[in-house]
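**Q** Data: target21.txt, compact mmCIF, C-alpha atoms and all ligand atoms.
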```
# COMPACT_ATOMS: atom_id res chain seq x y z
CA MET A 286 69.00 259.14 27.42
CA LYS A 287 71.75 256.49 27.56
CA TYR A 288 71.62 253.92 24.79
CA LYS A 289 73.18 250.47 24.80
CA LYS A 290 76.28 250.06 22.62
CA ASP A 291 74.46 248.16 19.90
CA TYR A 292 71.75 250.81 19.43
CA ASP A 293 71.96 252.68 16.14
CA ILE A 294 70.54 256.07 17.07
CA ASN A 295 70.44 257.07 13.39
CA LEU A 296 67.36 254.85 13.19
CA LEU A 297 65.54 257.50 15.22
CA GLU A 298 65.72 259.92 12.30
CA ASP A 299 62.65 258.32 10.74
CA VAL A 300 60.72 258.24 14.00
CA ILE A 301 58.03 260.93 14.13
CA LYS A 302 58.62 263.14 17.19
CA TYR A 303 55.73 264.61 19.12
CA ASP A 304 54.81 267.98 17.68
CA HIS A 305 51.47 269.52 18.57
CA GLU A 306 51.36 271.35 15.24
CA ASN A 307 51.99 268.32 13.06
CA ILE A 308 49.10 266.10 12.00
CA VAL A 309 50.40 262.83 10.58
CA GLN A 310 49.62 262.25 6.95
CA THR A 311 47.59 259.12 6.37
CA ASN A 312 46.90 257.44 3.03
CA SER A 313 43.28 258.11 2.22
CA GLY A 314 41.16 254.99 2.12
CA ARG A 315 43.66 252.78 3.97
CA PRO A 316 42.68 251.78 7.51
CA VAL A 317 44.87 253.35 10.19
CA ILE A 318 45.69 251.12 13.17
CA VAL A 319 47.53 252.48 16.21
CA GLU A 320 49.30 250.72 19.06
CA ILE A 321 49.72 252.71 22.26
CA GLY A 322 52.89 251.77 24.15
CA CYS A 323 54.22 249.56 21.36
CA GLY A 324 57.38 248.63 23.30
CA ASN A 325 59.87 246.80 21.08
CA GLY A 326 57.31 246.44 18.29
CA HIS A 327 56.78 242.67 18.32
CA PHE A 328 53.01 242.85 17.96
CA LEU A 329 52.78 245.70 15.46
CA ILE A 330 55.48 244.35 13.15
CA ASN A 331 53.59 241.08 12.97
CA LYS A 332 50.33 242.85 12.17
CA ALA A 333 51.97 245.03 9.51
CA VAL A 334 53.50 242.01 7.77
CA GLU A 335 50.19 240.14 7.78
CA ASN A 336 47.99 243.08 6.71
CA VAL A 337 49.73 245.02 3.97
CA GLY A 338 46.52 246.93 3.18
CA ASN A 339 46.53 248.67 6.57
CA ASP A 340 48.79 251.47 7.83
CA TYR A 341 50.20 250.97 11.33
CA PHE A 342 51.46 253.53 13.84
CA GLY A 343 53.28 252.54 17.01
CA ILE A 344 53.57 255.12 19.80
CA ASP A 345 56.00 254.87 22.70
CA ARG A 346 57.60 257.37 25.03
CA LYS A 347 60.88 255.44 25.23
CA SER A 348 63.16 256.14 22.29
CA ASP A 349 65.40 253.10 22.93
CA ARG A 350 62.38 250.86 22.37
CA LEU A 351 61.58 252.69 19.15
CA ILE A 352 65.10 251.92 17.91
CA ARG A 353 64.29 248.22 18.41
CA CYS A 354 61.05 248.75 16.45
CA ARG A 355 62.93 250.41 13.60
CA GLU A 356 65.50 247.59 13.51
CA LYS A 357 62.70 245.06 13.00
CA GLU A 358 60.99 247.24 10.40
CA VAL A 359 64.22 247.59 8.38
CA LYS A 360 65.06 243.89 8.72
CA HIS A 361 61.64 242.86 7.39
CA GLY A 362 61.54 245.63 4.73
CA ILE A 363 58.12 246.77 5.95
CA LYS A 364 56.55 249.79 4.27
CA ASN A 365 53.24 250.15 6.12
CA VAL A 366 54.41 251.02 9.63
CA LYS A 367 55.53 254.26 11.28
CA TRP A 368 56.77 254.96 14.79
CA MET A 369 55.92 257.96 16.93
CA HIS A 370 57.84 259.20 19.96
CA GLY A 371 55.98 260.91 22.78
CA ASP A 372 53.31 260.57 25.39
CA ALA A 373 50.48 258.59 23.80
CA PHE A 374 47.84 260.92 25.28
CA ASP A 375 49.34 263.95 23.54
CA VAL A 376 50.30 262.15 20.34
CA LEU A 377 46.77 260.80 19.89
CA LYS A 378 45.16 264.11 20.82
CA ASP A 379 47.28 266.39 18.65
CA MET A 380 48.71 264.37 15.79
CA PHE A 381 45.76 262.45 14.34
CA ASP A 382 42.72 263.86 12.59
CA ASP A 383 39.40 263.32 14.35
CA PHE A 384 37.58 260.12 13.30
CA SER A 385 40.67 258.95 11.38
CA ILE A 386 41.66 255.80 13.30
CA SER A 387 40.11 252.41 12.52
CA GLY A 388 41.59 250.54 15.44
CA ILE A 389 43.63 251.13 18.59
CA TYR A 390 45.49 248.50 20.59
CA MET A 391 46.69 249.07 24.16
CA LEU A 392 48.49 245.90 25.18
CA PHE A 393 49.91 245.38 28.65
CA PRO A 394 50.10 249.08 29.54
CA ASP A 395 52.23 250.10 32.51
CA PRO A 396 49.96 248.97 35.38
CA TRP A 397 51.12 251.24 38.18
CA PRO A 398 50.14 248.52 40.66
CA LYS A 399 50.44 250.51 43.91
CA ARG A 400 47.19 252.23 44.85
CA LYS A 401 48.95 255.58 45.40
CA HIS A 402 50.21 255.40 41.79
CA HIS A 403 46.89 254.50 40.13
CA LYS A 404 46.45 258.15 39.13
CA LYS A 405 49.43 257.74 36.79
CA ARG A 406 47.58 255.17 34.68
CA LEU A 407 47.01 256.39 31.15
CA PHE A 408 43.44 255.16 30.72
CA LYS A 409 41.18 257.68 32.51
CA ASN A 410 37.99 259.54 31.57
CA ASP A 411 39.93 262.24 29.70
CA PHE A 412 41.67 259.51 27.70
CA ALA A 413 38.25 258.06 26.79
CA ASP A 414 37.35 261.51 25.42
CA ILE A 415 40.39 261.45 23.12
CA ILE A 416 39.56 257.92 21.97
CA PHE A 417 36.02 258.98 21.16
CA LYS A 418 37.28 261.89 19.06
CA LYS A 419 39.88 259.96 17.12
CA LEU A 420 38.13 256.64 16.42
CA ALA A 421 36.27 256.28 13.13
CA ALA A 422 32.58 255.35 13.32
CA LYS A 423 33.09 251.59 13.28
CA GLY A 424 36.51 251.71 14.90
CA PHE A 425 37.60 249.36 17.67
CA PHE A 426 39.69 249.69 20.82
CA ILE A 427 41.35 246.63 22.35
CA PHE A 428 42.67 246.87 25.89
CA VAL A 429 44.65 243.95 27.34
CA THR A 430 46.10 243.77 30.83
CA ASP A 431 47.13 241.15 33.34
CA PHE A 432 46.24 243.52 36.19
CA ALA A 433 42.67 242.75 37.23
CA ASP A 434 42.11 246.06 38.99
CA TYR A 435 43.25 248.08 35.96
CA TYR A 436 40.88 246.00 33.83
CA VAL A 437 38.01 246.65 36.26
CA GLU A 438 38.80 250.39 36.29
CA VAL A 439 38.72 250.62 32.48
CA CYS A 440 35.57 248.47 32.25
CA GLY A 441 33.94 250.91 34.69
CA ILE A 442 34.93 253.94 32.59
CA ILE A 443 33.64 252.42 29.35
CA SER A 444 30.46 250.81 30.65
CA SER A 445 29.34 254.05 32.29
CA ASP A 446 30.07 256.11 29.17
CA PRO A 447 27.00 256.21 26.87
CA ARG A 448 29.16 256.95 23.81
CA PHE A 449 30.72 253.47 23.82
CA GLU A 450 29.63 249.86 23.74
CA VAL A 451 31.53 246.74 24.67
CA THR A 452 31.76 244.28 21.78
CA ARG A 453 32.52 240.56 21.58
CA PRO A 454 34.47 239.89 18.37
CA ASP A 455 34.40 236.35 16.93
CA ASN A 456 38.14 236.38 16.31
CA LEU A 457 40.70 237.99 18.53
CA ASP A 458 44.37 238.57 17.86
CA ASP A 459 47.02 236.40 19.47
CA PHE A 460 48.35 238.73 22.16
CA SER A 461 51.15 236.36 23.12
CA ILE A 462 52.97 237.83 20.09
CA SER A 463 53.68 240.95 22.13
CA LEU A 464 56.77 240.78 24.32
CA PHE A 465 54.79 241.09 27.53
CA GLY A 466 52.09 238.75 26.26
CA GLU A 467 54.75 236.13 25.61
CA ARG A 468 56.16 236.59 29.11
CA TRP A 469 52.78 236.24 30.78
CA GLN A 470 51.95 233.19 28.70
CA LYS A 471 55.23 231.49 29.68
CA GLU A 472 54.42 232.22 33.32
CA ASN A 473 50.91 230.87 32.77
CA ARG A 474 49.37 234.15 33.94
CA THR A 475 45.90 235.04 32.80
CA TYR A 476 45.12 238.34 31.19
CA HIS A 477 41.96 240.32 30.66
CA ILE A 478 40.71 241.69 27.36
CA LEU A 479 38.24 244.51 26.81
CA VAL A 480 37.05 245.32 23.29
CA PHE A 481 34.83 248.30 22.66
CA GLY A 482 33.73 250.71 19.96
CA LYS A 483 31.47 253.69 19.49
CA LYS A 484 27.73 253.20 19.67
CA ASN A 485 26.13 253.18 16.23
CA ASP A 486 24.39 256.52 16.74
CA ARG A 487 27.59 258.37 17.68
C1 LIG A 501 54.67 247.05 29.80
S1 LIG A 501 55.25 247.70 28.28
C2 LIG A 501 54.29 246.78 27.09
C3 LIG A 501 54.88 246.86 25.71
C4 LIG A 501 54.09 246.13 24.61
N1 LIG A 501 52.76 246.70 24.43
C5 LIG A 501 54.01 244.65 24.90
O1 LIG A 501 52.89 244.14 25.11
O2 LIG A 501 55.05 243.99 24.88
C6 LIG A 501 54.46 249.29 28.25
C7 LIG A 501 55.00 250.20 27.18
O3 LIG A 501 54.21 251.38 27.16
C8 LIG A 501 55.06 252.52 27.08
N2 LIG A 501 54.32 253.63 27.70
C9 LIG A 501 53.90 253.72 28.98
N3 LIG A 501 53.21 254.86 29.18
C10 LIG A 501 53.21 255.51 27.99
C11 LIG A 501 52.67 256.76 27.54
N4 LIG A 501 51.99 257.56 28.38
N5 LIG A 501 52.86 257.11 26.26
C12 LIG A 501 53.56 256.31 25.41
N6 LIG A 501 54.09 255.13 25.78
C13 LIG A 501 53.92 254.73 27.04
C14 LIG A 501 56.32 252.11 27.84
O4 LIG A 501 57.43 252.88 27.46
C15 LIG A 501 56.44 250.64 27.42
O5 LIG A 501 57.19 250.48 26.24
```
Output the file's structure in the form of structure tokens.
Ligand SMILES: C[S@@+](CC[C@H](N)C(=O)[O-])C[C@H]1O[C@@H](n2cnc3c(N)ncnc32)[C@H](O)[C@@H]1O

**A**
Amino acid sequence: MKYKKDYDINLLEDVIKYDHENIVQTNSGRPVIVEIGCGNGHFLINKAVENVGNDYFGIDRKSDRLIRCREKEVKHGIKNVKWMHGDAFDVLKDMFDDFSISGIYMLFPDPWPKRKHHKKRLFKNDFADIIFKKLAAKGFFIFVTDFADYYVEVCGIISSDPRFEVTRPDNLDDFSISLFGERWQKENRTYHILVFGKKNDR
């Protein structure tokens, strides 16, 4: 991987690398919130600063972006956020205890807009299985995309899965804080939000 001149690759030392034998240690009793595809960390840093009682984990497969996340973390002196490098499917599956995650955000995931590439999208039925295993009983999942057909695909997966129910929270986060959210807002593009959790009896 080629890094830009101003990247300090030493910052990667504190990034947790994917390791199928390593379950991340979480602080018991503190809610664990995960962002899948955290990019440069704009959204998660903001959440971590505002909610010091939660522990945040940002996952991305691009290490240069995780350097940007670490820069922000160091600059703000934040103690309740960690970054994980790897494919989010594998990281979620192998590195978190079952039922340990209180909330998962997936904001503006790579949309793979061409039909022939749709199979590369991360959110599929097998991904829903991982989410079910990892979410705590009253946990939430928030999916945000500006691609209507990705939204429809994910709505179809969740609404036909009896383990989940779509919820309508009174208050939603400001997604324009994320880098892509900010871009779409500037361009006046609409985006779609799906919030769901496990059914009470699951
Ligand atoms: C379009 S960007 C959105 C970044 C951020 N969520 C935002 O709203 O600004 C998608 C991010 O997801 C990451 N990503 C895509 N597929 C991934 C995967 N399978 N595992 C981990 N990260 C992934 C990309 O590297 C990229 O940083």

**Q** If you take only C-alpha atoms and all ligand atoms and a cut-off of 10 Å, which residues of chain A touch ligand LIG 501 (chain A), and what are their nearest atom pairs and distances in Å to one decimal, in chain and number order, as a tab-separated table?

**A**
```
residue	atom	partner	partner_atom	distance
A:Glu320	CA	A:LIG501	N1	7.5
A:Ile321	CA	A:LIG501	N6	6.1
A:Gly322	CA	A:LIG501	O3	3.3
A:Cys323	CA	A:LIG501	N1	4.4
A:Gly324	CA	A:LIG501	O5	3.5
A:Asn325	CA	A:LIG501	O2	6.8
A:Gly326	CA	A:LIG501	C4	7.1
A:His327	CA	A:LIG501	O2	6.9
A:Phe328	CA	A:LIG501	C5	7.2
A:Leu329	CA	A:LIG501	N1	9.0
A:Gly343	CA	A:LIG501	N6	9.2
A:Ile344	CA	A:LIG501	C12	5.7
A:Asp345	CA	A:LIG501	N6	3.6
A:Arg346	CA	A:LIG501	C12	4.2
A:Lys347	CA	A:LIG501	O4	4.8
A:Ser348	CA	A:LIG501	O4	8.4
A:Asp349	CA	A:LIG501	O4	9.2
A:Arg350	CA	A:LIG501	O5	6.5
A:Leu351	CA	A:LIG501	O5	8.6
A:Met369	CA	A:LIG501	C12	9.0
A:His370	CA	A:LIG501	C12	7.5
A:Gly371	CA	A:LIG501	C12	5.8
A:Asp372	CA	A:LIG501	N5	3.6
A:Ala373	CA	A:LIG501	N5	3.7
A:Phe374	CA	A:LIG501	N4	6.2
A:Asp375	CA	A:LIG501	N5	8.2
A:Val376	CA	A:LIG501	N5	8.2
A:Leu377	CA	A:LIG501	N5	9.6
A:Tyr390	CA	A:LIG501	N1	8.4
A:Met391	CA	A:LIG501	N1	6.5
A:Leu392	CA	A:LIG501	N1	4.4
A:Phe393	CA	A:LIG501	O1	4.8
A:Pro394	CA	A:LIG501	C6	4.6
A:Asp395	CA	A:LIG501	C1	4.8
A:Pro396	CA	A:LIG501	C1	7.6
A:Trp397	CA	A:LIG501	N3	9.9
A:Lys405	CA	A:LIG501	N4	8.8
A:Arg406	CA	A:LIG501	N3	7.9
A:Leu407	CA	A:LIG501	N4	5.8
A:Phe408	CA	A:LIG501	N4	9.2
A:Val429	CA	A:LIG501	O1	8.5
A:Thr430	CA	A:LIG501	O1	8.9
A:Phe460	CA	A:LIG501	O1	7.7
A:Ser461	CA	A:LIG501	O1	8.2
A:Ile462	CA	A:LIG501	O1	8.1
A:Ser463	CA	A:LIG501	O2	4.3
A:Leu464	CA	A:LIG501	O2	3.7
A:Phe465	CA	A:LIG501	O2	3.9
A:Gly466	CA	A:LIG501	O1	5.6
A:Glu467	CA	A:LIG501	O2	7.9
A:Arg468	CA	A:LIG501	O2	8.6
A:Trp469	CA	A:LIG501	O1	9.7
```

**Q** The selected residues should be written to file as a CSV table (one decimal), in the frame of the given file (atoms: C-alpha atoms).

**A**
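What follows is the written file result11.csv:
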```csv
chain,number,residue,atom,x,y,z
A,320,GLU,CA,49.3,250.7,19.1
A,321,ILE,CA,49.7,252.7,22.3
A,322,GLY,CA,52.9,251.8,24.2
A,323,CYS,CA,54.2,249.6,21.4
A,324,GLY,CA,57.4,248.6,23.3
A,325,ASN,CA,59.9,246.8,21.1
A,326,GLY,CA,57.3,246.4,18.3
A,327,HIS,CA,56.8,242.7,18.3
A,328,PHE,CA,53.0,242.8,18.0
A,329,LEU,CA,52.8,245.7,15.5
A,343,GLY,CA,53.3,252.5,17.0
A,344,ILE,CA,53.6,255.1,19.8
A,345,ASP,CA,56.0,254.9,22.7
A,346,ARG,CA,57.6,257.4,25.0
A,347,LYS,CA,60.9,255.4,25.2
A,348,SER,CA,63.2,256.1,22.3
A,349,ASP,CA,65.4,253.1,22.9
A,350,ARG,CA,62.4,250.9,22.4
A,351,LEU,CA,61.6,252.7,19.2
A,369,MET,CA,55.9,258.0,16.9
A,370,HIS,CA,57.8,259.2,20.0
A,371,GLY,CA,56.0,260.9,22.8
A,372,ASP,CA,53.3,260.6,25.4
A,373,ALA,CA,50.5,258.6,23.8
A,374,PHE,CA,47.8,260.9,25.3
A,375,ASP,CA,49.3,264.0,23.5
A,376,VAL,CA,50.3,262.2,20.3
A,377,LEU,CA,46.8,260.8,19.9
A,390,TYR,CA,45.5,248.5,20.6
A,391,MET,CA,46.7,249.1,24.2
A,392,LEU,CA,48.5,245.9,25.2
A,393,PHE,CA,49.9,245.4,28.6
A,394,PRO,CA,50.1,249.1,29.5
A,395,ASP,CA,52.2,250.1,32.5
A,396,PRO,CA,50.0,249.0,35.4
A,397,TRP,CA,51.1,251.2,38.2
A,405,LYS,CA,49.4,257.7,36.8
A,406,ARG,CA,47.6,255.2,34.7
A,407,LEU,CA,47.0,256.4,31.2
A,408,PHE,CA,43.4,255.2,30.7
A,429,VAL,CA,44.6,244.0,27.3
A,430,THR,CA,46.1,243.8,30.8
A,460,PHE,CA,48.4,238.7,22.2
A,461,SER,CA,51.2,236.4,23.1
A,462,ILE,CA,53.0,237.8,20.1
A,463,SER,CA,53.7,241.0,22.1
A,464,LEU,CA,56.8,240.8,24.3
A,465,PHE,CA,54.8,241.1,27.5
A,466,GLY,CA,52.1,238.8,26.3
A,467,GLU,CA,54.8,236.1,25.6
A,468,ARG,CA,56.2,236.6,29.1
A,469,TRP,CA,52.8,236.2,30.8
```

**Q** Could you check the closest approach to A:Glu472 for each of A:Asn456, A:Asp383, A:Asp431, A:Ala422 and tell me which residue wins, using all atoms listed in the file?

**A**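 Using all atoms listed in the file, A:Glu472 sits closest to A:Asp431.
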
**Q** For each of A:Lys332, A:Lys360, A:Arg355, A:Lys367, take the minimum atom-to-atom distance to A:Leu296, counting all atoms listed in the file, then give the residue where this is smallest.

**A**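 Ranking A:Lys332, A:Lys360, A:Arg355, A:Lys367 by distance to A:Leu296, first place goes to A:Arg355.
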
**Q** In Å, rounded to a single decimal, give me how far atom CA of A:Lys419 is from atom CA of A:Lys378.

**A**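 Computed distance, atom CA of A:Lys378 to atom CA of A:Lys419, equals 7.7 Å.
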
**Q** Which residues are close to A:Phe449, i.e. within 8 Å by all atoms listed in the file, leaving aside same-chain residues fewer than 4 positions away? Reply as a ChimeraX atom specification.

**A** /A:443-444,481-484
